[in-house]
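The structure under discussion appears below in the form of structure tokens.
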Amino acid sequence: MSTKPRLFSGMQPSADSLQIGNYIGALLQWKEMQSTNDAIFCVVDLHALTVPQDPALLREQTRRTVAQYIAAGIDPERSILFIQSHVPAHPELAWILNTLTGFGEASRMTQFKDKAAKQGTDAASVGLFAYPTLMAADILLYDTNVVPVGDDQKQHIELTRDLANRFNSRFGTTFVVPEPVILKATARIYDLQNPEAKMSKSAASDSGVVWMLDEPSKTAKKIKAAVTDDDRVVRFDRAAKPGVSNLLTILSAFTSTPVADLEASFEGRGYGDLKSTVADAVVATFEPIRSRALELLADPAELDRILATNADRAEAIAQPKLDEVYDRIGLLPRR
Ligand code: TRP
């Protein structure tokens, strides 16, 4: 038995390729947390179904997501990396938690309200409404201590904690009450062409978005064409110099160098220099990740084998927890 804290986090299989923001904002930090935690990472395909998906595309993106996480350093032997739908205990516990969640309580989730407003309340599914209880099930099945997530997921972790406490006080101590670890938001990455907006896969133009699976020459080209300003000083100033500040943030993350040190080293040097340095740093990191991911994707049988083993490892933790829940709540055992 490991004495390290149990860590659980999840990511949706929502893009063909991850971009710089996912890398710095989540993946890189998860990768580092693997050594100090007993880590479990879940590709939450059932969560992806809460908005309409194309079946073939979903399947493809799920594989691609897994391949990129492994290629970027999530170790499927030391940690567990699995697909949510491979472990039926997740939706099963989610159902139990649904019965313990107030309608009003779920209605207050801001992410649901935002997404429902975007789709129109009639188009929003019951699945979308129940998104947070499925997420709570993900976390609670594994006696999770820490949940590294973006700031936008804080309310969902609060709900998870409430549900854990509610179940424990009603039916006896069953769940560990997890703590959120909010991922460093300092590393927020903006669109290279429109540095006022977050770098996002839904950007109007692809030229401002750097994908992990882009060809290195394409990545370098995009970075060298990044929007800057008419001034010529390499200085971090989010408000006055969003483009340059964004490049500094990226360089800082990829070289583990504080922004202030970078500013000093670029004194008297121009934007051209800055852009080539950023391009080199990003390509140096992404090129090996890209080749490894493509290699994994070229061998689907091996990827499936890894996923099957990891699903077994996850299930070996989750199923006994679900059995305990069913028993405590009064469901008759099958045998
Ligand atoms: N909702 C999370 C997100 O959008 C993804 C997620 C699903 C998750 N289940 C989880 C994150 C469990 C942490 C733990 O980022």
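If you're wondering about the labels, chains in the structure tokens are A, B, ... by order shown, residues count from 1 in each chain, ligands from 1 in order shown.
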Near Asp45 (chain A), within 10 Å and counting only C-alpha atoms, which residues show up once chain neighbours fewer than 3 positions away are dropped, as an mmCIF file with C-alpha atoms, in the first residue's frame?
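And here's part_37.cif as it stands now:
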data_model
loop_
_atom_site.group_PDB
_atom_site.id
_atom_site.type_symbol
_atom_site.label_atom_id
_atom_site.label_comp_id
_atom_site.auth_asym_id
_atom_site.auth_seq_id
_atom_site.Cartn_x
_atom_site.Cartn_y
_atom_site.Cartn_z
ATOM 1 C CA GLY A 10 -9.734 13.957 -15.287
ATOM 2 C CA MET A 11 -9.675 15.452 -18.731
ATOM 3 C CA GLN A 12 -12.161 15.378 -21.559
ATOM 4 C CA PRO A 13 -11.220 13.783 -24.887
ATOM 5 C CA SER A 14 -12.288 16.943 -26.609
ATOM 6 C CA CYS A 42 -9.041 9.497 -16.171
ATOM 7 C CA ALA A 48 -17.870 14.317 -23.084
ATOM 8 C CA LEU A 49 -21.304 12.863 -23.941
ATOM 9 C CA THR A 50 -23.010 15.664 -22.023
ATOM 10 C CA LEU A 58 -15.115 10.686 -30.097
ATOM 11 C CA ARG A 59 -13.402 7.317 -30.453
ATOM 12 C CA GLN A 61 -10.096 11.771 -29.912
ATOM 13 C CA THR A 62 -10.148 9.439 -26.932
ATOM 14 C CA ILE A 83 -10.892 5.557 -19.783
ATOM 15 C CA GLN A 84 -13.911 6.404 -17.640
ATOM 16 C CA SER A 85 -16.386 4.234 -19.574
ATOM 17 C CA HIS A 86 -14.187 1.167 -19.005
#
_Within 7 Å of ligand 1 (counting only C-alpha atoms and all ligand atoms), which residues show up? I'd like them as a VMD selection string._
chain A and resid 8 to 12 44 47 135 to 136 138 to 139 147 to 150 153
Write a file of the selected residues as an mmCIF file, in the first residue's frame, keeping N, CA and C atoms.
data_model
loop_
_atom_site.group_PDB
_atom_site.id
_atom_site.type_symbol
_atom_site.label_atom_id
_atom_site.label_comp_id
_atom_site.auth_asym_id
_atom_site.auth_seq_id
_atom_site.Cartn_x
_atom_site.Cartn_y
_atom_site.Cartn_z
ATOM 1 N N PHE A 8 -6.400 12.314 -7.902
ATOM 2 C CA PHE A 8 -7.247 11.936 -9.034
ATOM 3 C C PHE A 8 -7.530 13.175 -9.865
ATOM 4 N N SER A 9 -7.374 13.044 -11.185
ATOM 5 C CA SER A 9 -7.836 14.135 -12.041
ATOM 6 C C SER A 9 -8.360 13.578 -13.355
ATOM 7 N N GLY A 10 -9.115 14.401 -14.047
ATOM 8 C CA GLY A 10 -9.734 13.957 -15.287
ATOM 9 C C GLY A 10 -9.627 15.001 -16.365
ATOM 10 N N MET A 11 -9.663 14.529 -17.612
ATOM 11 C CA MET A 11 -9.675 15.452 -18.731
ATOM 12 C C MET A 11 -10.583 14.914 -19.812
ATOM 13 N N GLN A 12 -11.265 15.812 -20.500
ATOM 14 C CA GLN A 12 -12.161 15.378 -21.559
ATOM 15 C C GLN A 12 -11.381 15.068 -22.833
ATOM 16 N N VAL A 44 -12.272 11.324 -19.382
ATOM 17 C CA VAL A 44 -13.690 11.268 -19.017
ATOM 18 C C VAL A 44 -14.596 11.318 -20.256
ATOM 19 N N HIS A 47 -18.297 12.058 -19.588
ATOM 20 C CA HIS A 47 -18.560 13.497 -19.442
ATOM 21 C C HIS A 47 -18.658 14.177 -20.798
ATOM 22 N N MET A 135 -18.794 13.595 -11.858
ATOM 23 C CA MET A 135 -17.439 14.007 -11.480
ATOM 24 C C MET A 135 -17.171 13.665 -10.010
ATOM 25 N N ALA A 136 -18.172 13.854 -9.156
ATOM 26 C CA ALA A 136 -18.021 13.505 -7.740
ATOM 27 C C ALA A 136 -17.777 11.998 -7.603
ATOM 28 N N ASP A 138 -16.383 10.011 -9.837
ATOM 29 C CA ASP A 138 -15.002 9.768 -10.278
ATOM 30 C C ASP A 138 -14.044 9.876 -9.091
ATOM 31 N N ILE A 139 -14.211 10.969 -8.371
ATOM 32 C CA ILE A 139 -13.269 11.301 -7.304
ATOM 33 C C ILE A 139 -13.453 10.393 -6.082
ATOM 34 N N VAL A 147 -7.301 16.753 -5.609
ATOM 35 C CA VAL A 147 -7.834 16.833 -6.967
ATOM 36 C C VAL A 147 -7.284 18.096 -7.644
ATOM 37 N N PRO A 148 -6.242 17.953 -8.474
ATOM 38 C CA PRO A 148 -5.741 19.129 -9.172
ATOM 39 C C PRO A 148 -6.659 19.496 -10.342
ATOM 40 N N VAL A 149 -7.183 20.689 -10.298
ATOM 41 C CA VAL A 149 -8.100 21.152 -11.352
ATOM 42 C C VAL A 149 -7.912 22.643 -11.605
ATOM 43 N N GLY A 150 -8.460 23.099 -12.697
ATOM 44 C CA GLY A 150 -8.488 24.531 -12.980
ATOM 45 C C GLY A 150 -9.469 25.215 -12.042
ATOM 46 N N GLN A 153 -13.271 24.608 -11.805
ATOM 47 C CA GLN A 153 -13.840 23.367 -11.285
ATOM 48 C C GLN A 153 -14.010 23.371 -9.759
#
One number please: CA of Val87 (chain A) to CA of Lys113 (chain A), in Å, one decimal.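 Between these atoms lies a distance of 28.4 Å.
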Q.
Neighbouring residues of Val325 (chain A) were defined as those with any atom within 10 Å, considering only C-alpha atoms; residues of the same chain fewer than 2 positions away were excluded. Please report them as number ranges by chain.
A. A: 93, 96, 141, 167, 171-172, 174-175, 319-323, 327-331
Limited to N, CA, C and O atoms, could you put the picked residues into a file as a short mmCIF file (atom, residue, chain, number, x, y, z; two decimals), in the first residue's frame?
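Saved result, again_3.cif, follows:
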data_model
loop_
_atom_site.label_atom_id
_atom_site.label_comp_id
_atom_site.auth_asym_id
_atom_site.auth_seq_id
_atom_site.Cartn_x
_atom_site.Cartn_y
_atom_site.Cartn_z
N LEU A 93 -22.02 4.73 -9.33
CA LEU A 93 -21.99 5.58 -8.12
C LEU A 93 -22.65 6.93 -8.40
O LEU A 93 -23.31 7.49 -7.52
N ILE A 96 -26.27 6.81 -7.56
CA ILE A 96 -26.51 6.91 -6.11
C ILE A 96 -26.38 8.36 -5.66
O ILE A 96 -27.20 8.89 -4.91
N LEU A 141 -14.77 7.40 -5.67
CA LEU A 141 -14.52 5.96 -5.80
C LEU A 141 -13.11 5.56 -5.39
O LEU A 141 -12.85 4.39 -5.13
N PHE A 167 -23.10 11.66 2.65
CA PHE A 167 -23.19 10.19 2.65
C PHE A 167 -22.61 9.63 3.94
O PHE A 167 -23.23 8.77 4.59
N PHE A 171 -24.91 7.40 6.28
CA PHE A 171 -24.76 5.93 6.15
C PHE A 171 -23.50 5.38 6.82
O PHE A 171 -23.22 4.19 6.72
N GLY A 172 -22.72 6.25 7.47
CA GLY A 172 -21.47 5.80 8.09
C GLY A 172 -20.29 6.13 7.20
O GLY A 172 -20.43 6.20 5.97
N THR A 174 -17.64 6.34 4.77
CA THR A 174 -17.37 5.54 3.57
C THR A 174 -16.38 6.24 2.66
O THR A 174 -15.49 5.61 2.08
N PHE A 175 -16.54 7.56 2.54
CA PHE A 175 -15.74 8.31 1.58
C PHE A 175 -14.69 9.19 2.26
O PHE A 175 -14.94 9.75 3.33
N GLN A 319 -14.39 -0.85 -7.69
CA GLN A 319 -15.51 -1.78 -7.49
C GLN A 319 -15.76 -2.10 -6.00
O GLN A 319 -16.91 -2.05 -5.56
N PRO A 320 -14.71 -2.39 -5.21
CA PRO A 320 -14.97 -2.64 -3.78
C PRO A 320 -15.61 -1.43 -3.09
O PRO A 320 -16.44 -1.59 -2.20
N LYS A 321 -15.23 -0.23 -3.54
CA LYS A 321 -15.84 0.97 -2.94
C LYS A 321 -17.33 1.04 -3.29
O LYS A 321 -18.18 1.30 -2.44
N LEU A 322 -17.65 0.74 -4.55
CA LEU A 322 -19.06 0.74 -4.95
C LEU A 322 -19.84 -0.35 -4.19
O LEU A 322 -20.96 -0.10 -3.74
N ASP A 323 -19.23 -1.51 -4.03
CA ASP A 323 -19.89 -2.59 -3.28
C ASP A 323 -20.22 -2.13 -1.87
O ASP A 323 -21.31 -2.40 -1.35
N ASP A 327 -23.97 -1.71 -0.24
CA ASP A 327 -24.31 -2.39 1.00
C ASP A 327 -24.82 -1.40 2.04
O ASP A 327 -25.87 -1.61 2.66
N ARG A 328 -24.12 -0.30 2.20
CA ARG A 328 -24.50 0.68 3.23
C ARG A 328 -25.86 1.27 2.97
O ARG A 328 -26.61 1.62 3.88
N ILE A 329 -26.18 1.40 1.69
CA ILE A 329 -27.40 2.09 1.34
C ILE A 329 -28.61 1.15 1.34
O ILE A 329 -29.76 1.57 1.26
N GLY A 330 -28.31 -0.16 1.44
CA GLY A 330 -29.41 -1.13 1.60
C GLY A 330 -29.79 -1.88 0.35
O GLY A 330 -30.88 -2.47 0.28
N LEU A 331 -28.93 -1.87 -0.66
CA LEU A 331 -29.24 -2.65 -1.86
C LEU A 331 -28.87 -4.12 -1.58
O LEU A 331 -27.83 -4.40 -0.99
#
Identify, on the basis of only C-alpha atoms, every residue whose closest approach to Lys221 (chain A) does not exceed 12 Å; exclude the query and any residue fewer than 4 positions from it along the same chain; express the result as a ChimeraX atom specification. /A:192,207-210,214-217,225-226,275-276,278-280,282-283
Could you dump the residues just selected with all heavy atoms as a CSV table (one decimal), in the first residue's frame?
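The resulting file, result_39.csv, is shown below:
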chain,number,residue,atom,x,y,z
A,192,LEU,N,-2.0,33.5,-30.1
A,192,LEU,CA,-0.8,34.3,-30.6
A,192,LEU,C,-1.3,35.4,-31.5
A,192,LEU,O,-0.6,36.4,-31.6
A,192,LEU,CB,0.1,33.3,-31.4
A,192,LEU,CG,0.7,32.2,-30.6
A,192,LEU,CD1,1.5,31.3,-31.6
A,192,LEU,CD2,1.7,32.7,-29.6
A,207,SER,N,-4.3,30.0,-36.7
A,207,SER,CA,-2.9,30.5,-36.7
A,207,SER,C,-2.4,31.0,-35.3
A,207,SER,O,-1.2,31.2,-35.1
A,207,SER,CB,-2.7,31.6,-37.7
A,207,SER,OG,-3.7,32.6,-37.5
A,208,GLY,N,-3.3,31.2,-34.4
A,208,GLY,CA,-2.9,31.7,-33.1
A,208,GLY,C,-2.8,30.6,-32.1
A,208,GLY,O,-2.6,30.8,-30.9
A,209,VAL,N,-3.1,29.3,-32.5
A,209,VAL,CA,-3.1,28.2,-31.6
A,209,VAL,C,-1.9,27.3,-31.9
A,209,VAL,O,-1.8,26.8,-33.0
A,209,VAL,CB,-4.5,27.5,-31.7
A,209,VAL,CG1,-4.6,26.4,-30.6
A,209,VAL,CG2,-5.6,28.4,-31.6
A,210,VAL,N,-1.2,26.9,-30.8
A,210,VAL,CA,-0.1,26.0,-31.0
A,210,VAL,C,-0.5,24.6,-30.5
A,210,VAL,O,-0.8,24.4,-29.3
A,210,VAL,CB,1.2,26.5,-30.2
A,210,VAL,CG1,2.3,25.4,-30.3
A,210,VAL,CG2,1.6,27.8,-30.8
A,214,ASP,N,1.1,19.5,-33.9
A,214,ASP,CA,1.5,20.2,-35.1
A,214,ASP,C,3.0,19.8,-35.5
A,214,ASP,O,3.8,19.5,-34.7
A,214,ASP,CB,1.6,21.7,-34.9
A,214,ASP,CG,0.2,22.4,-35.2
A,214,ASP,OD1,-0.7,21.7,-35.8
A,214,ASP,OD2,0.1,23.6,-34.8
A,215,GLU,N,3.2,19.9,-36.8
A,215,GLU,CA,4.6,19.7,-37.3
A,215,GLU,C,5.5,20.8,-36.7
A,215,GLU,O,5.1,21.9,-36.7
A,215,GLU,CB,4.7,19.7,-38.8
A,215,GLU,CG,4.2,18.5,-39.4
A,215,GLU,CD,4.3,18.5,-40.9
A,215,GLU,OE1,5.2,19.2,-41.4
A,215,GLU,OE2,3.6,17.7,-41.6
A,216,PRO,N,6.7,20.4,-36.3
A,216,PRO,CA,7.6,21.4,-35.7
A,216,PRO,C,7.8,22.7,-36.5
A,216,PRO,O,7.8,23.8,-36.0
A,216,PRO,CB,8.9,20.7,-35.5
A,216,PRO,CG,8.5,19.2,-35.4
A,216,PRO,CD,7.3,19.1,-36.3
A,217,SER,N,7.9,22.5,-37.8
A,217,SER,CA,8.1,23.7,-38.7
A,217,SER,C,6.8,24.6,-38.6
A,217,SER,O,6.9,25.9,-38.7
A,217,SER,CB,8.4,23.3,-40.1
A,217,SER,OG,7.3,22.6,-40.6
A,225,ALA,N,5.2,34.3,-36.2
A,225,ALA,CA,4.2,35.3,-36.7
A,225,ALA,C,3.3,35.9,-35.6
A,225,ALA,O,2.3,36.5,-35.9
A,225,ALA,CB,3.4,34.6,-37.8
A,226,ALA,N,3.7,35.6,-34.4
A,226,ALA,CA,2.8,36.1,-33.3
A,226,ALA,C,2.7,37.6,-33.3
A,226,ALA,O,3.6,38.3,-33.6
A,226,ALA,CB,3.4,35.6,-31.9
A,275,LYS,N,11.1,35.8,-30.4
A,275,LYS,CA,10.2,34.8,-31.0
A,275,LYS,C,11.0,33.6,-31.4
A,275,LYS,O,10.5,32.4,-31.2
A,275,LYS,CB,9.6,35.4,-32.3
A,275,LYS,CG,8.5,36.4,-32.0
A,275,LYS,CD,7.9,37.0,-33.3
A,275,LYS,CE,6.9,38.1,-33.0
A,275,LYS,NZ,6.4,38.7,-34.3
A,276,SER,N,12.2,33.7,-31.9
A,276,SER,CA,13.0,32.5,-32.3
A,276,SER,C,13.3,31.7,-31.0
A,276,SER,O,13.3,30.5,-31.1
A,276,SER,CB,14.3,32.8,-33.0
A,276,SER,OG,14.3,34.0,-33.6
A,278,VAL,N,11.5,31.5,-28.3
A,278,VAL,CA,10.3,30.8,-27.9
A,278,VAL,C,10.1,29.6,-28.8
A,278,VAL,O,9.8,28.5,-28.3
A,278,VAL,CB,9.1,31.8,-27.9
A,278,VAL,CG1,7.8,31.0,-27.5
A,278,VAL,CG2,9.3,32.9,-26.9
A,279,ALA,N,10.2,29.9,-30.1
A,279,ALA,CA,9.9,28.8,-31.0
A,279,ALA,C,10.9,27.6,-30.8
A,279,ALA,O,10.4,26.5,-30.7
A,279,ALA,CB,10.1,29.3,-32.5
A,280,ASP,N,12.1,27.9,-30.6
A,280,ASP,CA,13.1,26.8,-30.3
A,280,ASP,C,12.7,26.0,-29.0
A,280,ASP,O,12.8,24.8,-29.0
A,280,ASP,CB,14.5,27.4,-30.1
A,280,ASP,CG,15.1,27.9,-31.4
A,280,ASP,OD1,14.5,27.6,-32.5
A,280,ASP,OD2,16.1,28.6,-31.4
A,282,VAL,N,9.8,25.7,-27.5
A,282,VAL,CA,8.5,25.0,-27.7
A,282,VAL,C,8.8,23.7,-28.5
A,282,VAL,O,8.4,22.6,-28.2
A,282,VAL,CB,7.4,25.8,-28.2
A,282,VAL,CG1,6.1,25.0,-28.5
A,282,VAL,CG2,7.0,27.0,-27.3
A,283,VAL,N,9.5,23.9,-29.7
A,283,VAL,CA,9.7,22.8,-30.6
A,283,VAL,C,10.6,21.7,-29.9
A,283,VAL,O,10.3,20.5,-30.0
A,283,VAL,CB,10.4,23.3,-31.9
A,283,VAL,CG1,11.0,22.1,-32.6
A,283,VAL,CG2,9.4,24.1,-32.7
- [ ] Could you give me the residues within region 87-285 of chain A that DSSP places in helix (DSSP H, G or I), as JSON, numbers by chain?
- [x] {"A": [89, 90, 91, 92, 93, 94, 95, 96, 97, 98, 103, 104, 105, 106, 107, 110, 111, 112, 113, 114, 115, 116, 117, 118, 119, 126, 127, 128, 129, 131, 132, 133, 134, 135, 136, 137, 138, 139, 140, 151, 152, 153, 154, 155, 156, 157, 158, 159, 160, 161, 162, 163, 164, 165, 166, 167, 168, 169, 170, 171, 185, 186, 187, 206, 207, 208, 216, 217, 218, 219, 220, 221, 222, 223, 224, 242, 243, 244, 245, 246, 247, 248, 249, 250, 251, 252, 253, 254, 255, 259, 260, 261, 262, 263, 264, 265, 271, 272, 273, 274, 275, 276, 277, 278, 279, 280, 281, 282, 283, 284, 285]}
**Request:** Pick out the residues sitting within 7 Å of region 16-25 of chain A, and hand them over as a ChimeraX atom specification; count only C-alpha atoms, and ignore anything fewer than 5 positions along from it in its own chain.
**Result:** /A:61,64,183-184,187-189,199,209-213,253
Find the residues around Thr110 (chain A) up to 10 Å (only C-alpha atoms counted), leave out those fewer than 2 positions away in its own chain, and share them as JSON, numbers by chain. {"A": [106, 107, 108, 112, 113, 114, 115, 116, 152, 153, 155, 156]}
The residue from A:Ala67, A:Leu134, A:Val51, A:Leu57 with the smallest atom-to-atom distance to Leu303 (chain A), counting only C-alpha atoms, is A:Ala67
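On the backbone of this structure, DSSP gives strand (DSSP E or B) within region 121-329 of chain A to Val146, Val147, Pro148, Val149, Glu179, Pro180, Val181, Ile182, Tyr190, Lys198, Trp211, Asp237 and Lys241 of chain A.
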Proximity to Ile289 (chain A) - best of A:Ala26, A:Ala318, A:Ala72, A:Leu140, only C-alpha atoms =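 Checking each candidate against Ile289 (chain A), we get A:Ala72 as the closest.
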Nearest residue to Arg232 (chain A) out of A:Ala308, A:Ala264, A:Val244, A:Ala56, using only C-alpha atoms?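 Closest candidate: A:Val244.
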Considering only C-alpha atoms, state which residue in the set A:Ala71, A:Val181, A:Ile306, A:Leu28 is at the smallest distance from Val146 (chain A).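 Selected residue with least distance to Val146 (chain A): A:Val181.
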Could you pull the residues within 8 Å of Thr101 (chain A), counting only C-alpha atoms, minus those fewer than 4 positions along the same chain, as a VMD selection string? chain A and resid 97 105 to 106 133 163
May I have the selected residues written with all heavy atoms, as an mmCIF file, in the first residue's frame?
data_model
loop_
_atom_site.group_PDB
_atom_site.id
_atom_site.type_symbol
_atom_site.label_atom_id
_atom_site.label_comp_id
_atom_site.auth_asym_id
_atom_site.auth_seq_id
_atom_site.Cartn_x
_atom_site.Cartn_y
_atom_site.Cartn_z
ATOM 1 N N LEU A 97 -25.321 9.026 -6.137
ATOM 2 C CA LEU A 97 -25.112 10.421 -5.722
ATOM 3 C C LEU A 97 -26.225 11.324 -6.247
ATOM 4 O O LEU A 97 -26.614 12.285 -5.579
ATOM 5 C CB LEU A 97 -23.734 10.921 -6.198
ATOM 6 C CG LEU A 97 -22.528 10.178 -5.589
ATOM 7 C CD1 LEU A 97 -21.226 10.712 -6.181
ATOM 8 C CD2 LEU A 97 -22.511 10.288 -4.059
ATOM 9 N N GLU A 105 -29.657 22.362 -5.580
ATOM 10 C CA GLU A 105 -28.210 22.311 -5.398
ATOM 11 C C GLU A 105 -27.511 22.151 -6.764
ATOM 12 O O GLU A 105 -26.562 22.867 -7.087
ATOM 13 C CB GLU A 105 -27.912 21.106 -4.501
ATOM 14 C CG GLU A 105 -26.520 21.002 -3.945
ATOM 15 C CD GLU A 105 -26.406 19.803 -2.980
ATOM 16 O OE1 GLU A 105 -27.159 18.804 -3.128
ATOM 17 O OE2 GLU A 105 -25.541 19.872 -2.084
ATOM 18 N N ALA A 106 -28.014 21.219 -7.565
ATOM 19 C CA ALA A 106 -27.420 21.003 -8.896
ATOM 20 C C ALA A 106 -27.688 22.210 -9.808
ATOM 21 O O ALA A 106 -26.857 22.563 -10.647
ATOM 22 C CB ALA A 106 -27.967 19.720 -9.521
ATOM 23 N N THR A 133 -22.296 15.378 -10.561
ATOM 24 C CA THR A 133 -22.385 14.196 -9.690
ATOM 25 C C THR A 133 -21.561 13.047 -10.270
ATOM 26 O O THR A 133 -21.030 12.227 -9.532
ATOM 27 C CB THR A 133 -23.848 13.750 -9.481
ATOM 28 O OG1 THR A 133 -24.526 13.752 -10.738
ATOM 29 C CG2 THR A 133 -24.566 14.688 -8.527
ATOM 30 N N LEU A 163 -21.187 16.108 -0.815
ATOM 31 C CA LEU A 163 -21.815 14.792 -1.002
ATOM 32 C C LEU A 163 -21.115 13.723 -0.170
ATOM 33 O O LEU A 163 -21.764 12.846 0.409
ATOM 34 C CB LEU A 163 -21.817 14.407 -2.491
ATOM 35 C CG LEU A 163 -22.787 15.209 -3.371
ATOM 36 C CD1 LEU A 163 -22.543 14.926 -4.855
ATOM 37 C CD2 LEU A 163 -24.241 14.896 -3.003
#
